[in-house]
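The structure file start-v6.tsv is reproduced below (TSV, C-alpha atoms).
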chain	number	residue	atom	x	y	z
Q	1	MET	CA	8.62	-15.10	18.07
Q	2	ASP	CA	8.33	-18.76	18.89
Q	3	ASN	CA	6.39	-18.54	22.12
Q	4	GLY	CA	3.30	-16.78	20.84
Q	5	GLU	CA	-0.15	-18.11	20.23
Q	6	VAL	CA	-0.77	-18.76	16.55
Q	7	ILE	CA	-3.86	-16.84	15.51
Q	8	LEU	CA	-3.57	-17.22	11.74
Q	9	ASN	CA	-1.80	-19.77	9.60
Q	10	HIS	CA	-1.57	-20.61	5.90
Q	11	LYS	CA	0.55	-23.16	4.08
Q	12	GLY	CA	0.55	-23.63	0.32
Q	13	PRO	CA	0.54	-21.54	-2.86
Q	14	LEU	CA	-1.37	-18.29	-2.49
Q	15	SER	CA	-4.05	-16.94	-4.78
Q	16	TYR	CA	-5.35	-13.40	-4.68
Q	17	GLU	CA	-8.66	-14.56	-3.24
Q	18	GLU	CA	-6.88	-16.43	-0.45
Q	19	ILE	CA	-5.00	-13.28	0.50
Q	20	GLY	CA	-8.37	-11.53	0.80
Q	21	PHE	CA	-9.72	-14.39	2.89
Q	22	LEU	CA	-6.73	-14.27	5.28
Q	23	LEU	CA	-7.01	-10.49	5.59
Q	24	ASN	CA	-10.70	-10.69	6.43
Q	25	ARG	CA	-9.99	-13.29	9.11
Q	26	MET	CA	-7.20	-11.15	10.56
Q	27	THR	CA	-9.47	-8.09	10.66
Q	28	MET	CA	-12.14	-10.04	12.53
Q	29	LEU	CA	-9.57	-11.36	15.00
Q	30	LEU	CA	-8.10	-7.94	15.72
Q	31	ASP	CA	-11.59	-6.48	16.14
Q	32	LYS	CA	-12.35	-9.24	18.59
Q	33	LEU	CA	-9.15	-8.46	20.51
Q	34	GLY	CA	-10.26	-4.82	20.73
Q	35	MET	CA	-7.26	-3.35	18.92
Q	36	ASN	CA	-7.39	0.34	18.04
Q	37	VAL	CA	-7.61	1.54	14.46
Q	38	THR	CA	-3.90	2.40	14.12
Q	39	THR	CA	-2.72	-0.99	15.39
Q	40	LYS	CA	-5.18	-2.70	13.06
Q	41	LYS	CA	-3.97	-0.66	10.09
Q	42	LYS	CA	-0.32	-1.36	10.87
Q	43	ALA	CA	-0.89	-5.09	11.20
Q	44	TYR	CA	-3.02	-4.98	8.05
Q	45	SER	CA	-0.32	-3.18	6.05
Q	46	ALA	CA	2.43	-5.54	7.19
Q	47	MET	CA	0.25	-8.51	6.35
Q	48	VAL	CA	-0.81	-7.24	2.92
Q	49	GLU	CA	2.73	-6.43	1.85
Q	50	SER	CA	4.08	-9.76	3.20
Q	51	LEU	CA	1.38	-11.78	1.48
Q	52	GLU	CA	1.62	-9.81	-1.76
Q	53	ASN	CA	5.38	-10.30	-1.75
Q	54	ILE	CA	4.77	-14.03	-1.57
Q	55	TYR	CA	2.07	-13.84	-4.24
Q	56	LYS	CA	4.23	-11.86	-6.66
Q	57	HIS	CA	7.56	-13.54	-6.04
Q	58	GLN	CA	6.78	-17.15	-5.16
Q	59	ASP	CA	8.99	-19.32	-7.36
Q	60	ILE	CA	7.26	-22.63	-6.82
Q	61	ILE	CA	9.53	-25.69	-6.89
Q	62	ALA	CA	7.90	-28.66	-8.59
Q	63	ASP	CA	7.32	-31.68	-6.33
Q	64	ASP	CA	8.60	-29.91	-3.20
Q	65	PHE	CA	5.72	-29.93	-0.75
Q	66	GLU	CA	7.75	-28.78	2.21
Q	67	HIS	CA	9.06	-25.46	0.96
Q	68	VAL	CA	5.75	-24.04	-0.15
Q	69	PRO	CA	4.61	-20.50	0.73
Q	70	GLN	CA	3.82	-20.19	4.38
Q	71	PHE	CA	2.33	-17.42	6.50
Q	72	THR	CA	1.85	-17.29	10.25
Q	73	MET	CA	0.60	-14.60	12.59
Q	74	GLU	CA	1.13	-15.01	16.30
Q	75	GLN	CA	0.13	-12.98	19.27
Q	76	CYS	CA	3.29	-12.54	21.34
Q	77	ASN	CA	3.96	-10.31	24.34
Q	78	GLU	CA	2.38	-6.96	23.51
Q	79	SER	CA	2.92	-7.50	19.80
Q	80	PHE	CA	1.82	-9.41	16.75
Q	81	CYS	CA	4.52	-11.47	15.07
Q	82	ILE	CA	4.22	-12.13	11.38
Q	83	SER	CA	6.28	-14.75	9.59
Q	84	ALA	CA	6.15	-15.16	5.81
Q	85	SER	CA	8.13	-17.66	3.74
Q	86	ASN	CA	8.42	-18.56	0.10
Q	87	SER	CA	10.88	-20.25	-2.19
Q	88	ILE	CA	12.92	-17.89	-4.30
Q	89	MET	CA	15.42	-18.22	-7.13
Q	90	ASN	CA	18.96	-17.75	-5.88
Q	91	HIS	CA	19.84	-15.04	-8.38
Q	92	LYS	CA	17.21	-12.76	-6.80
Q	93	ILE	CA	18.78	-12.97	-3.33
Q	94	PRO	CA	21.55	-10.31	-3.50
Q	95	ALA	CA	19.17	-7.50	-4.50
Q	96	LEU	CA	16.58	-8.53	-1.93
Q	97	LYS	CA	19.19	-8.83	0.82
Q	98	GLU	CA	20.56	-5.41	-0.05
Q	99	LYS	CA	17.07	-3.92	0.22
Q	100	LEU	CA	16.41	-5.58	3.58
Q	101	ASP	CA	19.76	-4.47	5.02
Q	102	LYS	CA	19.11	-0.97	3.77
Q	103	VAL	CA	15.70	-0.64	5.48
Q	104	ASN	CA	17.08	-2.21	8.66
Q	105	SER	CA	19.82	0.41	8.79
Q	106	LEU	CA	17.36	3.32	8.75
Q	107	ASP	CA	15.32	5.05	11.44
Q	108	LYS	CA	11.76	6.30	10.96
Q	109	ASP	CA	12.76	9.51	9.17
Q	110	GLY	CA	15.27	7.62	7.02
Q	111	LEU	CA	12.54	5.17	5.98
Q	112	LYS	CA	10.24	8.05	5.06
Q	113	ASP	CA	12.97	9.57	2.90
Q	114	LEU	CA	13.66	6.22	1.22
Q	115	TYR	CA	9.93	5.71	0.60
Q	116	LYS	CA	9.71	9.16	-0.93
Q	117	SER	CA	12.74	8.76	-3.21
Q	118	THR	CA	11.59	5.28	-4.29
Q	119	ILE	CA	8.03	6.29	-5.08
Q	120	LEU	CA	9.12	9.40	-6.96
Q	121	SER	CA	11.73	7.60	-9.05
Q	122	GLY	CA	10.57	4.01	-9.31
Q	123	ASN	CA	8.38	2.50	-11.93
Q	124	VAL	CA	5.76	-0.08	-11.14
Q	125	SER	CA	6.82	-3.47	-12.46
Q	126	GLN	CA	4.63	-5.76	-14.54
Q	127	LYS	CA	3.80	-7.64	-11.36
Q	128	GLY	CA	2.52	-4.44	-9.80
Q	129	GLY	CA	5.33	-4.08	-7.30
Q	130	ALA	CA	6.64	-0.60	-6.85
Q	131	GLY	CA	9.69	-1.56	-4.78
Q	132	LEU	CA	7.88	-0.12	-1.82
Q	133	GLY	CA	6.55	-3.19	-0.04
Q	134	ILE	CA	9.55	-3.89	2.17
Q	135	ILE	CA	9.96	-0.21	3.05
Q	136	ASN	CA	6.30	-0.13	4.01
Q	137	ILE	CA	6.69	-3.20	6.22
Q	138	ALA	CA	9.65	-1.59	7.98
Q	139	LYS	CA	7.70	1.67	8.41
Q	140	VAL	CA	4.70	0.11	10.07
Q	141	SER	CA	6.60	-2.40	12.17
Q	142	GLU	CA	8.96	0.13	13.78
Q	143	ASN	CA	11.18	-2.88	14.44
Q	144	LYS	CA	13.96	-4.42	12.42
Q	145	ILE	CA	12.86	-7.04	9.91
Q	146	SER	CA	14.57	-10.34	10.61
Q	147	TYR	CA	15.13	-12.55	7.62
Q	148	ALA	CA	16.80	-15.77	6.51
Q	149	PHE	CA	17.63	-17.55	3.27
Q	150	LYS	CA	17.89	-21.33	3.50
Q	151	LYS	CA	19.67	-22.76	0.48
Q	152	LEU	CA	17.75	-25.66	-1.05
Q	153	SER	CA	19.65	-26.22	-4.30
Q	154	ASP	CA	21.85	-24.47	-6.82
Q	155	THR	CA	18.81	-22.68	-8.15
Q	156	HIS	CA	16.44	-22.12	-5.21
Q	157	SER	CA	16.40	-21.00	-1.57
Q	158	TYR	CA	13.65	-20.68	1.01
Q	159	PHE	CA	13.18	-17.09	2.13
Q	160	THR	CA	11.61	-16.12	5.45
Q	161	ILE	CA	10.89	-12.70	6.93
Q	162	LYS	CA	9.70	-12.04	10.46
Q	163	VAL	CA	8.06	-8.81	11.46
Q	164	THR	CA	6.65	-7.62	14.77
Q	165	ILE	CA	3.92	-5.03	15.25
Q	166	SER	CA	3.77	-3.61	18.78
Q	167	HIS	CA	0.39	-3.06	20.33
Q	168	ASN	CA	1.46	-2.23	23.87
Q	169	ASN	CA	0.15	1.32	23.48
Q	170	ASN	CA	-3.12	0.10	22.12
Q	171	LYS	CA	-5.33	1.01	25.02
Z	1	MET	CA	-16.69	15.51	-21.16
Z	2	GLU	CA	-18.46	12.57	-19.54
Z	3	PRO	CA	-17.84	11.91	-15.85
Z	4	LEU	CA	-15.67	8.96	-14.87
Z	5	ILE	CA	-17.57	6.67	-12.57
Z	6	ILE	CA	-16.15	3.38	-11.29
Z	7	GLU	CA	-18.09	1.42	-8.71
Z	8	PRO	CA	-16.13	0.05	-5.75
Z	9	THR	CA	-15.29	-3.64	-5.39
Z	10	GLU	CA	-13.84	-5.66	-2.54
Z	11	PHE	CA	-10.36	-4.74	-3.78
Z	12	THR	CA	-10.77	-1.36	-5.48
Z	13	PRO	CA	-12.03	2.09	-4.50
Z	14	SER	CA	-14.92	4.01	-5.99
Z	15	ILE	CA	-13.98	6.69	-8.48
Z	16	LEU	CA	-16.24	9.64	-9.15
Z	17	PHE	CA	-14.66	12.29	-11.37
Z	18	ASP	CA	-17.27	14.89	-12.25
Z	19	PRO	CA	-15.78	17.43	-14.67
Z	20	ASN	CA	-19.00	19.44	-14.86
Z	21	ASN	CA	-18.87	20.29	-11.17
Z	22	SER	CA	-15.06	20.02	-10.95
Z	23	VAL	CA	-15.26	17.51	-8.09
Z	24	PHE	CA	-13.02	14.44	-8.11
Z	25	GLU	CA	-13.41	11.75	-5.49
Z	26	ILE	CA	-11.58	8.52	-4.70
Z	27	THR	CA	-13.14	6.63	-1.84
Z	28	GLY	CA	-12.48	3.35	-0.09
Z	29	PHE	CA	-10.04	0.53	-0.26
Z	30	SER	CA	-7.29	-0.08	-2.81
Z	31	ARG	CA	-5.53	-3.39	-3.26
Z	32	PRO	CA	-6.20	-4.24	-6.91
Z	33	GLU	CA	-4.84	-7.50	-8.25
Z	34	ASN	CA	-3.91	-5.67	-11.44
Z	35	VAL	CA	-2.89	-2.27	-10.12
Z	36	ILE	CA	-1.71	-1.02	-13.52
Z	37	GLY	CA	-4.91	-2.19	-15.20
Z	38	PHE	CA	-7.03	-0.37	-12.64
Z	39	TYR	CA	-5.20	2.96	-12.44
Z	40	LYS	CA	-3.89	3.49	-16.00
Z	41	PRO	CA	-7.33	4.25	-17.46
Z	42	ILE	CA	-7.93	6.78	-14.67
Z	43	LEU	CA	-4.68	8.56	-15.47
Z	44	LYS	CA	-5.58	8.47	-19.16
Z	45	TRP	CA	-8.97	10.04	-18.41
Z	46	LEU	CA	-7.23	12.82	-16.47
Z	47	GLU	CA	-4.86	13.49	-19.35
Z	48	GLU	CA	-7.83	13.80	-21.72
Z	49	PHE	CA	-9.59	16.05	-19.25
Z	50	ASN	CA	-6.47	18.18	-19.11
Z	51	ASP	CA	-6.39	18.54	-22.92
Z	52	ASN	CA	-10.11	19.18	-22.98
Z	53	LEU	CA	-9.98	21.85	-20.31
Z	54	LEU	CA	-7.13	23.60	-22.03
Z	55	SER	CA	-8.93	23.67	-25.36
Z	56	VAL	CA	-12.04	25.34	-23.90
Z	57	ASN	CA	-10.44	27.37	-21.17
Z	58	THR	CA	-8.00	30.03	-22.15
Z	59	ASP	CA	-6.82	32.82	-19.89
Z	60	TYR	CA	-9.97	33.41	-17.95
Z	61	LYS	CA	-12.53	31.54	-15.88
Z	62	LYS	CA	-10.16	29.13	-14.21
Z	63	SER	CA	-12.32	26.78	-12.24
Z	64	LEU	CA	-11.68	25.48	-8.73
Z	65	LEU	CA	-10.96	21.76	-8.68
Z	66	THR	CA	-11.96	19.93	-5.52
Z	67	ILE	CA	-10.28	16.60	-4.88
Z	68	ASN	CA	-11.70	14.45	-2.10
Z	69	LEU	CA	-9.62	11.48	-1.03
Z	70	LYS	CA	-11.32	9.28	1.52
Z	71	MET	CA	-9.20	6.15	1.61
Z	72	THR	CA	-9.59	3.50	4.28
Z	73	TYR	CA	-6.57	1.51	3.10
Z	74	PHE	CA	-4.25	1.42	0.09
Z	75	ASN	CA	-1.29	-0.86	-0.52
Z	76	SER	CA	2.12	0.38	-1.56
Z	77	ALA	CA	1.59	-0.30	-5.27
Z	78	SER	CA	-1.60	1.80	-5.14
Z	79	SER	CA	0.20	4.64	-3.39
Z	80	LYS	CA	2.41	5.07	-6.44
Z	81	PHE	CA	-0.67	5.58	-8.62
Z	82	LEU	CA	-2.46	7.83	-6.15
Z	83	LEU	CA	0.64	9.99	-6.24
Z	84	ASP	CA	0.60	10.00	-10.06
Z	85	ILE	CA	-3.06	11.08	-9.98
Z	86	LEU	CA	-2.27	13.92	-7.60
Z	87	LEU	CA	0.66	14.98	-9.76
Z	88	GLU	CA	-1.74	15.08	-12.70
Z	89	PHE	CA	-3.98	17.47	-10.73
Z	90	MET	CA	-0.95	19.59	-9.98
Z	91	LYS	CA	-0.70	20.27	-13.71
Z	92	PHE	CA	-4.04	22.06	-13.49
Z	93	HIS	CA	-2.68	24.05	-10.58
Z	94	SER	CA	0.39	25.04	-12.54
Z	95	LYS	CA	-1.90	26.30	-15.32
Z	96	GLY	CA	-3.73	28.61	-12.97
Z	97	ASN	CA	-6.61	26.55	-11.60
Z	98	LYS	CA	-7.15	26.61	-7.88
Z	99	VAL	CA	-6.95	23.10	-6.47
Z	100	ASP	CA	-8.31	22.02	-3.10
Z	101	ILE	CA	-7.19	18.61	-1.86
Z	102	ASN	CA	-9.22	17.23	1.02
Z	103	TRP	CA	-7.73	14.19	2.76
Z	104	TYR	CA	-10.24	12.38	4.96
Z	105	TYR	CA	-9.25	9.93	7.69
Z	106	GLU	CA	-11.07	8.09	10.40
Z	107	GLU	CA	-10.57	9.67	13.81
Z	108	GLY	CA	-7.57	7.95	15.44
Z	109	ASP	CA	-6.31	6.40	12.20
Z	110	ASP	CA	-2.73	7.67	12.37
Z	111	GLU	CA	-1.71	5.48	9.42
Z	112	ILE	CA	-4.02	7.10	6.88
Z	113	GLN	CA	-3.40	10.56	8.32
Z	114	GLU	CA	0.39	10.11	8.08
Z	115	SER	CA	0.08	8.69	4.57
Z	116	GLY	CA	-1.73	11.90	3.60
Z	117	GLU	CA	0.95	14.05	5.20
Z	118	GLU	CA	3.60	12.15	3.25
Z	119	MET	CA	1.66	12.50	-0.02
Z	120	SER	CA	1.28	16.23	0.61
Z	121	ASP	CA	5.01	16.50	1.26
Z	122	MET	CA	5.82	14.49	-1.87
Z	123	ILE	CA	3.81	16.69	-4.21
Z	124	GLY	CA	4.80	19.84	-2.32
Z	125	TYR	CA	1.22	21.05	-1.90
Z	126	PRO	CA	-0.87	21.49	1.28
Z	127	PHE	CA	-3.87	19.23	1.94
Z	128	ASN	CA	-6.89	19.94	4.11
Z	129	PHE	CA	-6.99	17.16	6.69
Z	130	ILE	CA	-10.49	16.23	7.76
Z	131	SER	CA	-11.24	13.57	10.36
Z	132	TYR	CA	-14.52	11.71	10.57
Z	133	LYS	CA	-16.05	9.29	13.04
Z	134	SER	CA	-16.52	5.75	11.84
Would you mind writing the structure in this file as structure tokens?
Amino acid sequence: MDNGEVILNHKGPLSYEEIGFLLNRMTMLLDKLGMNVTTKKKAYSAMVESLENIYKHQDIIADDFEHVPQFTMEQCNESFCISASNSIMNHKIPALKEKLDKVNSLDKDGLKDLYKSTILSGNVSQKGGAGLGIINIAKVSENKISYAFKKLSDTHSYFTIKVTISHNNNK
Amino acid sequence: MEPLIIEPTEFTPSILFDPNNSVFEITGFSRPENVIGFYKPILKWLEEFNDNLLSVNTDYKKSLLTINLKMTYFNSASSKFLLDILLEFMKFHSKGNKVDINWYYEEGDDEIQESGEEMSDMIGYPFNFISYKS
């Protein structure tokens, strides 16, 4: 993850328009790299869900300019590595961790089943999340999602997820 | 009943629901900022169409409904609503209308094709899968 070439980077609070801007830049870059349509769609999905997770769940800490939302996409060996970070209130961590551990424990068919049961039972929250974003990231990445919570205070932590999208079968 | 026509934007698909010809199309890209605000009125229109159809259509002359889905991308929040729309169409099927669901995908786009297969599995109804060249 750390030895790749950074092809896209964003630091700071995210607006909806900025997400669109980053997605357009990513699409142009992947076109330029000659990626096939499936690889592009997988990278696109992982990026949308990661950025929308930040957008919907960013709990901005006043006067903290270090732990602001951050997004990086790198080109590593035969894969794209996506890293997304945002500050989060500590009380949200157990449920999020449980969800991440759950998707990491499942194979492709297990993820499909979880997606199906979630979409058929879950309601869309006021923020528009359907509880499907993380499952979708795991589905398209075909790799385990690595994640970390760095405790900043009694109320907030800094949450990071790292996702890889293979493109070794691209051509 | 008047058709439902919504022009596409950078973040939302085009909607063309034509009750007179029984053709219902959703085309393009779906990542609305306000996913509930975009899709709720569409579901409401379908519910009204359902009531309307039932009031004029009794035991005979069940029309064929053609649903064309030609999505290039939709985020996970949109998938929940696309599923709700399809489930709404399944109500017509359960009342005796024939329903054809055509799922279009760009040749080689395994993601959209698989999403269609999953949707078909989730509603328990076969789709026609149609590939096109970009």
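Distance-wise, atom CA of Z:Pro32 and atom CA of Z:Pro8 end up 10.9 Å apart.
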What box, with edges along x, y and z, holds each listed atom of stretch 54-73 of chain Q when 3 Å is added on every side, and can you state its centre and edge lengths in Å to one decimal, as lines of an AutoDock Vina configuration file?
center_x = 5.1
center_y = -21.8
center_z = 2.0
size_x = 14.9
size_y = 25.8
size_z = 27.2
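Comparing the minimum interatomic distances between chain Z and each of Q:Glu98, Q:Glu78, Q:Glu49, Q:Glu142, counting only C-alpha atoms, we find that Q:Glu49 sits nearest.
The space between atom CA of Q:Val37 and atom CA of Q:Thr118 spans 27.1 Å.
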Counting all atoms listed in the file, which residues of chain Z come no farther than 12 Å from chain Q, as JSON, numbers by chain? {"Z": [10, 11, 30, 31, 32, 33, 34, 35, 36, 37, 38, 39, 40, 72, 73, 74, 75, 76, 77, 78, 79, 80, 81, 82, 83, 84, 87, 105, 106, 107, 108, 109, 110, 111, 112, 113, 114, 115, 117, 118, 119, 120, 121, 122, 123, 124, 133, 134]}
Could you write those residues out with C-alpha atoms, as a tab-separated table (two decimals), in the coordinates of the input?
chain	number	residue	atom	x	y	z
Z	10	GLU	CA	-13.84	-5.66	-2.54
Z	11	PHE	CA	-10.36	-4.74	-3.78
Z	30	SER	CA	-7.29	-0.08	-2.81
Z	31	ARG	CA	-5.53	-3.39	-3.26
Z	32	PRO	CA	-6.20	-4.24	-6.91
Z	33	GLU	CA	-4.84	-7.50	-8.25
Z	34	ASN	CA	-3.91	-5.67	-11.44
Z	35	VAL	CA	-2.89	-2.27	-10.12
Z	36	ILE	CA	-1.71	-1.02	-13.52
Z	37	GLY	CA	-4.91	-2.19	-15.20
Z	38	PHE	CA	-7.03	-0.37	-12.64
Z	39	TYR	CA	-5.20	2.96	-12.44
Z	40	LYS	CA	-3.89	3.49	-16.00
Z	72	THR	CA	-9.59	3.50	4.28
Z	73	TYR	CA	-6.57	1.51	3.10
Z	74	PHE	CA	-4.25	1.42	0.09
Z	75	ASN	CA	-1.29	-0.86	-0.52
Z	76	SER	CA	2.12	0.38	-1.56
Z	77	ALA	CA	1.59	-0.30	-5.27
Z	78	SER	CA	-1.60	1.80	-5.14
Z	79	SER	CA	0.20	4.64	-3.39
Z	80	LYS	CA	2.41	5.07	-6.44
Z	81	PHE	CA	-0.67	5.58	-8.62
Z	82	LEU	CA	-2.46	7.83	-6.15
Z	83	LEU	CA	0.64	9.99	-6.24
Z	84	ASP	CA	0.60	10.00	-10.06
Z	87	LEU	CA	0.66	14.98	-9.76
Z	105	TYR	CA	-9.25	9.93	7.69
Z	106	GLU	CA	-11.07	8.09	10.40
Z	107	GLU	CA	-10.57	9.67	13.81
Z	108	GLY	CA	-7.57	7.95	15.44
Z	109	ASP	CA	-6.31	6.40	12.20
Z	110	ASP	CA	-2.73	7.67	12.37
Z	111	GLU	CA	-1.71	5.48	9.42
Z	112	ILE	CA	-4.02	7.10	6.88
Z	113	GLN	CA	-3.40	10.56	8.32
Z	114	GLU	CA	0.39	10.11	8.08
Z	115	SER	CA	0.08	8.69	4.57
Z	117	GLU	CA	0.95	14.05	5.20
Z	118	GLU	CA	3.60	12.15	3.25
Z	119	MET	CA	1.66	12.50	-0.02
Z	120	SER	CA	1.28	16.23	0.61
Z	121	ASP	CA	5.01	16.50	1.26
Z	122	MET	CA	5.82	14.49	-1.87
Z	123	ILE	CA	3.81	16.69	-4.21
Z	124	GLY	CA	4.80	19.84	-2.32
Z	133	LYS	CA	-16.05	9.29	13.04
Z	134	SER	CA	-16.52	5.75	11.84
Nearby residues (all atoms listed in the file) at most 10 Å from stretch 144-160 of chain Q, same-chain spacing under 2 positions excluded, as a PDB file with C-alpha atoms, in the coordinates of the input:
ATOM      1  CA  ILE Q  54       4.770 -14.030  -1.570  1.00  0.00           C
ATOM      2  CA  GLN Q  58       6.780 -17.150  -5.160  1.00  0.00           C
ATOM      3  CA  ASP Q  59       8.990 -19.320  -7.360  1.00  0.00           C
ATOM      4  CA  ILE Q  60       7.260 -22.630  -6.820  1.00  0.00           C
ATOM      5  CA  ILE Q  61       9.530 -25.690  -6.890  1.00  0.00           C
ATOM      6  CA  HIS Q  67       9.060 -25.460   0.960  1.00  0.00           C
ATOM      7  CA  VAL Q  68       5.750 -24.040  -0.150  1.00  0.00           C
ATOM      8  CA  PRO Q  69       4.610 -20.500   0.730  1.00  0.00           C
ATOM      9  CA  GLN Q  70       3.820 -20.190   4.380  1.00  0.00           C
ATOM     10  CA  PHE Q  71       2.330 -17.420   6.500  1.00  0.00           C
ATOM     11  CA  SER Q  83       6.280 -14.750   9.590  1.00  0.00           C
ATOM     12  CA  ALA Q  84       6.150 -15.160   5.810  1.00  0.00           C
ATOM     13  CA  SER Q  85       8.130 -17.660   3.740  1.00  0.00           C
ATOM     14  CA  ASN Q  86       8.420 -18.560   0.100  1.00  0.00           C
ATOM     15  CA  SER Q  87      10.880 -20.250  -2.190  1.00  0.00           C
ATOM     16  CA  ILE Q  88      12.920 -17.890  -4.300  1.00  0.00           C
ATOM     17  CA  MET Q  89      15.420 -18.220  -7.130  1.00  0.00           C
ATOM     18  CA  ASN Q  90      18.960 -17.750  -5.880  1.00  0.00           C
ATOM     19  CA  HIS Q  91      19.840 -15.040  -8.380  1.00  0.00           C
ATOM     20  CA  LYS Q  92      17.210 -12.760  -6.800  1.00  0.00           C
ATOM     21  CA  ILE Q  93      18.780 -12.970  -3.330  1.00  0.00           C
ATOM     22  CA  LYS Q  97      19.190  -8.830   0.820  1.00  0.00           C
ATOM     23  CA  LEU Q 100      16.410  -5.580   3.580  1.00  0.00           C
ATOM     24  CA  ASP Q 101      19.760  -4.470   5.020  1.00  0.00           C
ATOM     25  CA  VAL Q 103      15.700  -0.640   5.480  1.00  0.00           C
ATOM     26  CA  ASN Q 104      17.080  -2.210   8.660  1.00  0.00           C
ATOM     27  CA  SER Q 105      19.820   0.410   8.790  1.00  0.00           C
ATOM     28  CA  LEU Q 106      17.360   3.320   8.750  1.00  0.00           C
ATOM     29  CA  ASP Q 107      15.320   5.050  11.440  1.00  0.00           C
ATOM     30  CA  ILE Q 134       9.550  -3.890   2.170  1.00  0.00           C
ATOM     31  CA  ILE Q 137       6.690  -3.200   6.220  1.00  0.00           C
ATOM     32  CA  ALA Q 138       9.650  -1.590   7.980  1.00  0.00           C
ATOM     33  CA  LYS Q 139       7.700   1.670   8.410  1.00  0.00           C
ATOM     34  CA  SER Q 141       6.600  -2.400  12.170  1.00  0.00           C
ATOM     35  CA  GLU Q 142       8.960   0.130  13.780  1.00  0.00           C
ATOM     36  CA  LYS Q 162       9.700 -12.040  10.460  1.00  0.00           C
ATOM     37  CA  VAL Q 163       8.060  -8.810  11.460  1.00  0.00           C
ATOM     38  CA  THR Q 164       6.650  -7.620  14.770  1.00  0.00           C
TER      39      THR Q 164
END
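When atom CA of Q:Gln75 is paired with atom CA of Q:Glu5, their separation reads 5.2 Å.
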If you count only C-alpha atoms, which residues fall within 9 Å of stretch 43-49 of chain Z, apart from same-chain ones fewer than 4 positions away, as a PyMOL selection string? chain Z and resi 1+4+19+39+53-54+81+84-85+88-89
So which residues touch Q:Phe80 within 9 Å, counting all atoms listed in the file, skipping near sequence neighbours fewer than 3 positions away, as number ranges by chain? Q: 1, 4, 43, 73-77, 163-167
Using all atoms listed in the file, can you tell me which of Z:Leu65, Z:Pro3, Z:Lys98, Z:Tyr132 comes closest to Z:Asp18? Z:Pro3
Which polymer residues, whether protein, DNA or RNA, lie within 12 Å of the coordinate (-18.8, 6.8, -4.8) when you count only C-alpha atoms? List them as an MDAnalysis selection string, using the chain letters and numbers from the file. chainID Z and resid 4:9 12:18 23:29 68:71
Compare Q:Leu14, Q:Cys81, Q:Ile7, Q:Leu51 by their minimum atom-to-atom distance to Q:Met28, counting only C-alpha atoms, and give me the closest one. Q:Ile7
